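Step one of this worksheet: look at the structure below.
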Amino acid sequence: MKKFLQNKKLLTVCVVIIVIFSVLGTSVHLRNKRNTPLIIQSLGNDVVAVGTRVVDFPISLVSGGLSNVNELLNTQNENNYLKSKVTDLQQTNARNKTLEAENKQLKSALKIKATLSDYDLINASVISRSPDSWTDLLVINKGTTSGLRKNMAVMSGGGVIGRIVEVSAASSKVELITTSDKAANRFAVEATATNGKKVHGIITVIGNNTLAFTQALDSNKLKQGTQIYTSGMGGNSPKGLLIGSIARTTHDSFGLSDLIKINPAGELNDPSVVTVIRRKVED
Amino acid sequence: MRSLRKFILAFALYVALVLDGSLALFLHQFMALGNAACLIMPIGIMLISLFDDLNNKEIWLAIGAGIVADIYFFGIIGAYAVILPIVMWLLQKSARFLPEVFWARILAVLLAVVIVCCYNWLILSIIGVIAVPIKTMLVSLLPTLAWSLIFAILSYPIWRRLASNYPFMVNLDNYQH
């Protein structure tokens, strides 16, 4: 022990390693527990986010030009498909308006202010992405000043793509639903079984970024193609956000329970614009 | 304003950090094919340490850049903030034994990229932020090295010019008389 204490180089290395792990542990703890990051961290995030917006502008012009050419080539097919949907859409819109008005009247009659399915939408642009492909983190250009809070659900391309994990004043970090982060909050979801009953469970990630519907009872009554929505039971997200549809049902590696694989509905590969969902019902 | 010249290298690294995030976003469809990483800022640190191997103050530049990158990309401190100063120190020590030619420096940078990737994978796995098998990580090294080679070749003349003309925290006016 005396020899160890007299060896200054060895002692310094030990102290440095202890300091590194202490800083790492503290920052991980703060990231998981705190609702807002430390002021210095928030400032750092926003300073880099401002630079990112400036740099993104010329890059997006070039990138946008290339994707515009690609979209032009697909225009005819898209136009034909959309024409076939227009008639249905008008009818659906009219029906939705009627149902919405009826729903409002019923709520006011029952004196219900907000339910699990009530939410506001906040649109944001993706300005940056984590440089490695493992962490599945996006940075968006809205923060606490726009009313964003930690754990809000984020949608893109018609489905849920993740949730907010860190909010600064003018930027936020979004962790994708496919993340393998062990500390990530999972979405509580539900699906309608063949017998008409609701099946509840949570979304987890298995293997190579594959989504699965787990902890579900009566999972054998779920058919392929059944759509899965958030149930609002997790306390963070509203009810009724589309997660995806059932791809296939297999057994887990032990052969004991069902493993329901899901095709995600959201745009996970290239989300440029996202919608943050603010639930109206308080926790 | 002349006094700010000694901080130009720090500003260049800030731009490189921003570019890392932007290119990772816009080139995601290509980079995600082999789980490649976009490492423009770490490559900048590596090249600076090879060009200006006698400037001990640059270790603070690596620590600062590492902390900012950690905060912005991961929300935790301990990934880039640790490995970038270590890599800088290693490259500064090895620079005196390396021939001062383009390909030797590029090879040193690629070797350092492997160290950075392995360390990041190890530390992020330990704290549970990722659960990537070692095989996937090793396979992802090849596309990462390919992208890093492109970035290193493209940015080589920029970092050489910046490191020789605007060394960090060194007032060059003292040497002009």
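As shown in the structure tokens, the chain order sets the letters A, B, ...; within each chain, residues go from 1, and ligands are also counted from 1 in the order they appear.
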
Residues near range 166-177 of chain A, cut-off 6 Å, only C-alpha atoms, skip fewer than 3 positions along chain, as a PyMOL selection string
chain A and resi 36+42+46+136-145+150+161-163

Compile the contact shell of Ile67 in chain B as a ChimeraX atom specification: residues with an atom at most 9 Å away, counting only C-alpha atoms, same-chain residues fewer than 6 positions apart removed.
/B:76-82

Please find the residues of chain A near chain B - the criterion being any atom within 8 Å, counting only C-alpha atoms - and write them as a VMD selection string.
chain A and resid 20 to 21 23 to 24 27 to 28 31 41 44 to 45 48 to 49 51 to 52 55 to 56 59 to 60 63 127 to 135 137 166 179 to 183 269 to 270

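Computed from the coordinates, the CA of Ala12 in chain B to CA of Phe168 in chain B distance equals 11.0 Å.
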
Quick one: pick out all alpha helix (DSSP H) residues within chain B from a backbone DSSP run and write them as an MDAnalysis selection string.
chainID B and resid 8:26 28:31 40:51 58:69 80:95 102:126 134:165

A straight line from CA of Leu116 in chain A to CA of Gly232 in chain A spans 6.0 Å

Residues near Ile153 in chain B, cut-off 12 Å, only C-alpha atoms, skip fewer than 2 positions along chain, as a CSV table (one decimal) with C-alpha atoms, in the first residue's frame:
```csv
chain,number,residue,atom,x,y,z
B,40,ILE,CA,-15.5,14.9,-38.7
B,43,ILE,CA,-10.8,13.5,-37.2
B,44,GLY,CA,-10.1,17.2,-36.8
B,47,LEU,CA,-5.1,15.8,-37.5
B,102,PHE,CA,0.2,12.5,-46.0
B,103,TRP,CA,-0.4,8.8,-46.0
B,105,ARG,CA,-0.8,10.7,-41.0
B,106,ILE,CA,-4.0,9.3,-42.6
B,107,LEU,CA,-3.1,5.8,-41.4
B,109,VAL,CA,-5.9,8.9,-38.1
B,110,LEU,CA,-7.7,5.7,-39.2
B,145,LEU,CA,-13.2,3.7,-41.7
B,146,ALA,CA,-14.3,4.2,-45.3
B,147,TRP,CA,-16.3,7.4,-44.4
B,148,SER,CA,-13.5,8.6,-42.1
B,149,LEU,CA,-11.0,8.1,-45.0
B,150,ILE,CA,-13.1,10.4,-47.2
B,151,PHE,CA,-13.5,13.0,-44.4
B,155,SER,CA,-10.4,18.1,-44.5
B,156,TYR,CA,-6.6,17.4,-44.4
B,157,PRO,CA,-5.5,20.7,-46.1
B,158,ILE,CA,-7.9,22.7,-43.9
B,159,TRP,CA,-6.7,21.4,-40.6
B,160,ARG,CA,-3.0,21.6,-41.7
```

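Non-sequential neighbours of Ala62 in chain B (distance at most 9 Å, separation of 2 or more positions within a chain, only C-alpha atoms) are Pro42, Ile45, Glu58, Ile59, Trp60, Gly64, Ala65, Gly66, Ile67, Tyr80, Ala81, Val82, Ile83, Leu84, Pro85, Ile86 and Met88 of chain B.
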
Atoms kept (N, CA and C atoms) for selection, written as a PDB file, in the first residue's frame:
```
ATOM      1  N   PRO B  42     -13.840  14.530 -34.403  1.00  0.00           N
ATOM      2  CA  PRO B  42     -12.720  13.749 -33.873  1.00  0.00           C
ATOM      3  C   PRO B  42     -11.542  13.647 -34.852  1.00  0.00           C
ATOM      4  N   ILE B  45      -9.549  16.777 -34.507  1.00  0.00           N
ATOM      5  CA  ILE B  45      -8.693  16.727 -33.304  1.00  0.00           C
ATOM      6  C   ILE B  45      -7.432  15.889 -33.589  1.00  0.00           C
ATOM      7  N   GLU B  58      -3.204  22.160 -26.461  1.00  0.00           N
ATOM      8  CA  GLU B  58      -4.280  21.597 -27.290  1.00  0.00           C
ATOM      9  C   GLU B  58      -5.050  20.475 -26.606  1.00  0.00           C
ATOM     10  N   ILE B  59      -4.480  19.949 -25.540  1.00  0.00           N
ATOM     11  CA  ILE B  59      -5.199  18.914 -24.791  1.00  0.00           C
ATOM     12  C   ILE B  59      -6.495  19.503 -24.202  1.00  0.00           C
ATOM     13  N   TRP B  60      -6.450  20.800 -23.839  1.00  0.00           N
ATOM     14  CA  TRP B  60      -7.650  21.479 -23.312  1.00  0.00           C
ATOM     15  C   TRP B  60      -8.705  21.648 -24.403  1.00  0.00           C
ATOM     16  N   GLY B  64     -12.410  20.211 -24.072  1.00  0.00           N
ATOM     17  CA  GLY B  64     -13.564  21.104 -24.285  1.00  0.00           C
ATOM     18  C   GLY B  64     -14.471  20.598 -25.394  1.00  0.00           C
ATOM     19  N   ALA B  65     -13.854  20.251 -26.525  1.00  0.00           N
ATOM     20  CA  ALA B  65     -14.642  19.750 -27.669  1.00  0.00           C
ATOM     21  C   ALA B  65     -15.359  18.456 -27.298  1.00  0.00           C
ATOM     22  N   GLY B  66     -14.670  17.621 -26.528  1.00  0.00           N
ATOM     23  CA  GLY B  66     -15.261  16.346 -26.103  1.00  0.00           C
ATOM     24  C   GLY B  66     -16.461  16.548 -25.196  1.00  0.00           C
ATOM     25  N   ILE B  67     -16.347  17.483 -24.255  1.00  0.00           N
ATOM     26  CA  ILE B  67     -17.470  17.740 -23.332  1.00  0.00           C
ATOM     27  C   ILE B  67     -18.682  18.276 -24.100  1.00  0.00           C
ATOM     28  N   TYR B  80     -16.735  11.128 -25.594  1.00  0.00           N
ATOM     29  CA  TYR B  80     -15.727  11.900 -26.318  1.00  0.00           C
ATOM     30  C   TYR B  80     -14.818  12.682 -25.367  1.00  0.00           C
ATOM     31  N   ALA B  81     -15.375  13.133 -24.238  1.00  0.00           N
ATOM     32  CA  ALA B  81     -14.602  13.962 -23.294  1.00  0.00           C
ATOM     33  C   ALA B  81     -13.401  13.212 -22.743  1.00  0.00           C
ATOM     34  N   VAL B  82     -13.428  11.901 -22.767  1.00  0.00           N
ATOM     35  CA  VAL B  82     -12.318  11.100 -22.249  1.00  0.00           C
ATOM     36  C   VAL B  82     -11.410  10.628 -23.384  1.00  0.00           C
ATOM     37  N   ILE B  83     -12.028  10.107 -24.436  1.00  0.00           N
ATOM     38  CA  ILE B  83     -11.222   9.460 -25.477  1.00  0.00           C
ATOM     39  C   ILE B  83     -10.499  10.470 -26.371  1.00  0.00           C
ATOM     40  N   LEU B  84     -11.099  11.653 -26.593  1.00  0.00           N
ATOM     41  CA  LEU B  84     -10.421  12.615 -27.473  1.00  0.00           C
ATOM     42  C   LEU B  84      -9.102  13.121 -26.883  1.00  0.00           C
ATOM     43  N   PRO B  85      -9.053  13.506 -25.580  1.00  0.00           N
ATOM     44  CA  PRO B  85      -7.749  13.895 -25.017  1.00  0.00           C
ATOM     45  C   PRO B  85      -6.737  12.744 -25.024  1.00  0.00           C
ATOM     46  N   ILE B  86      -7.224  11.521 -24.779  1.00  0.00           N
ATOM     47  CA  ILE B  86      -6.303  10.368 -24.781  1.00  0.00           C
ATOM     48  C   ILE B  86      -5.712  10.163 -26.179  1.00  0.00           C
ATOM     49  N   MET B  88      -5.537  12.379 -28.538  1.00  0.00           N
ATOM     50  CA  MET B  88      -4.666  13.518 -28.868  1.00  0.00           C
ATOM     51  C   MET B  88      -3.282  13.327 -28.256  1.00  0.00           C
TER      52      MET B  88
END
```

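Between CA of Pro58 in chain A and CA of Leu162 in chain B lies a distance of 23.1 Å.
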
Near Lys261 in chain A, within 9 Å and counting only C-alpha atoms, which residues show up once chain neighbours fewer than 5 positions away are dropped, as a VMD selection string?
chain A and resid 206 210 to 213 245 to 250

Skipping near chain neighbours, those fewer than 5 positions away, what residues fall within 6 Å of Gly159 in chain A using only C-alpha atoms, listed as a VMD selection string?
chain A and resid 242 to 243 265 to 266

For the residues in the current selection, export C-alpha atoms as a PDB file, in the first residue's frame.
```pdb
ATOM      1  CA  LEU A 242     -50.623   4.830 -34.049  1.00  0.00           C
ATOM      2  CA  ILE A 243     -47.494   2.790 -33.325  1.00  0.00           C
ATOM      3  CA  ALA A 265     -45.957   3.141 -38.913  1.00  0.00           C
ATOM      4  CA  GLY A 266     -43.750   6.197 -38.376  1.00  0.00           C
TER       5      GLY A 266
END
```
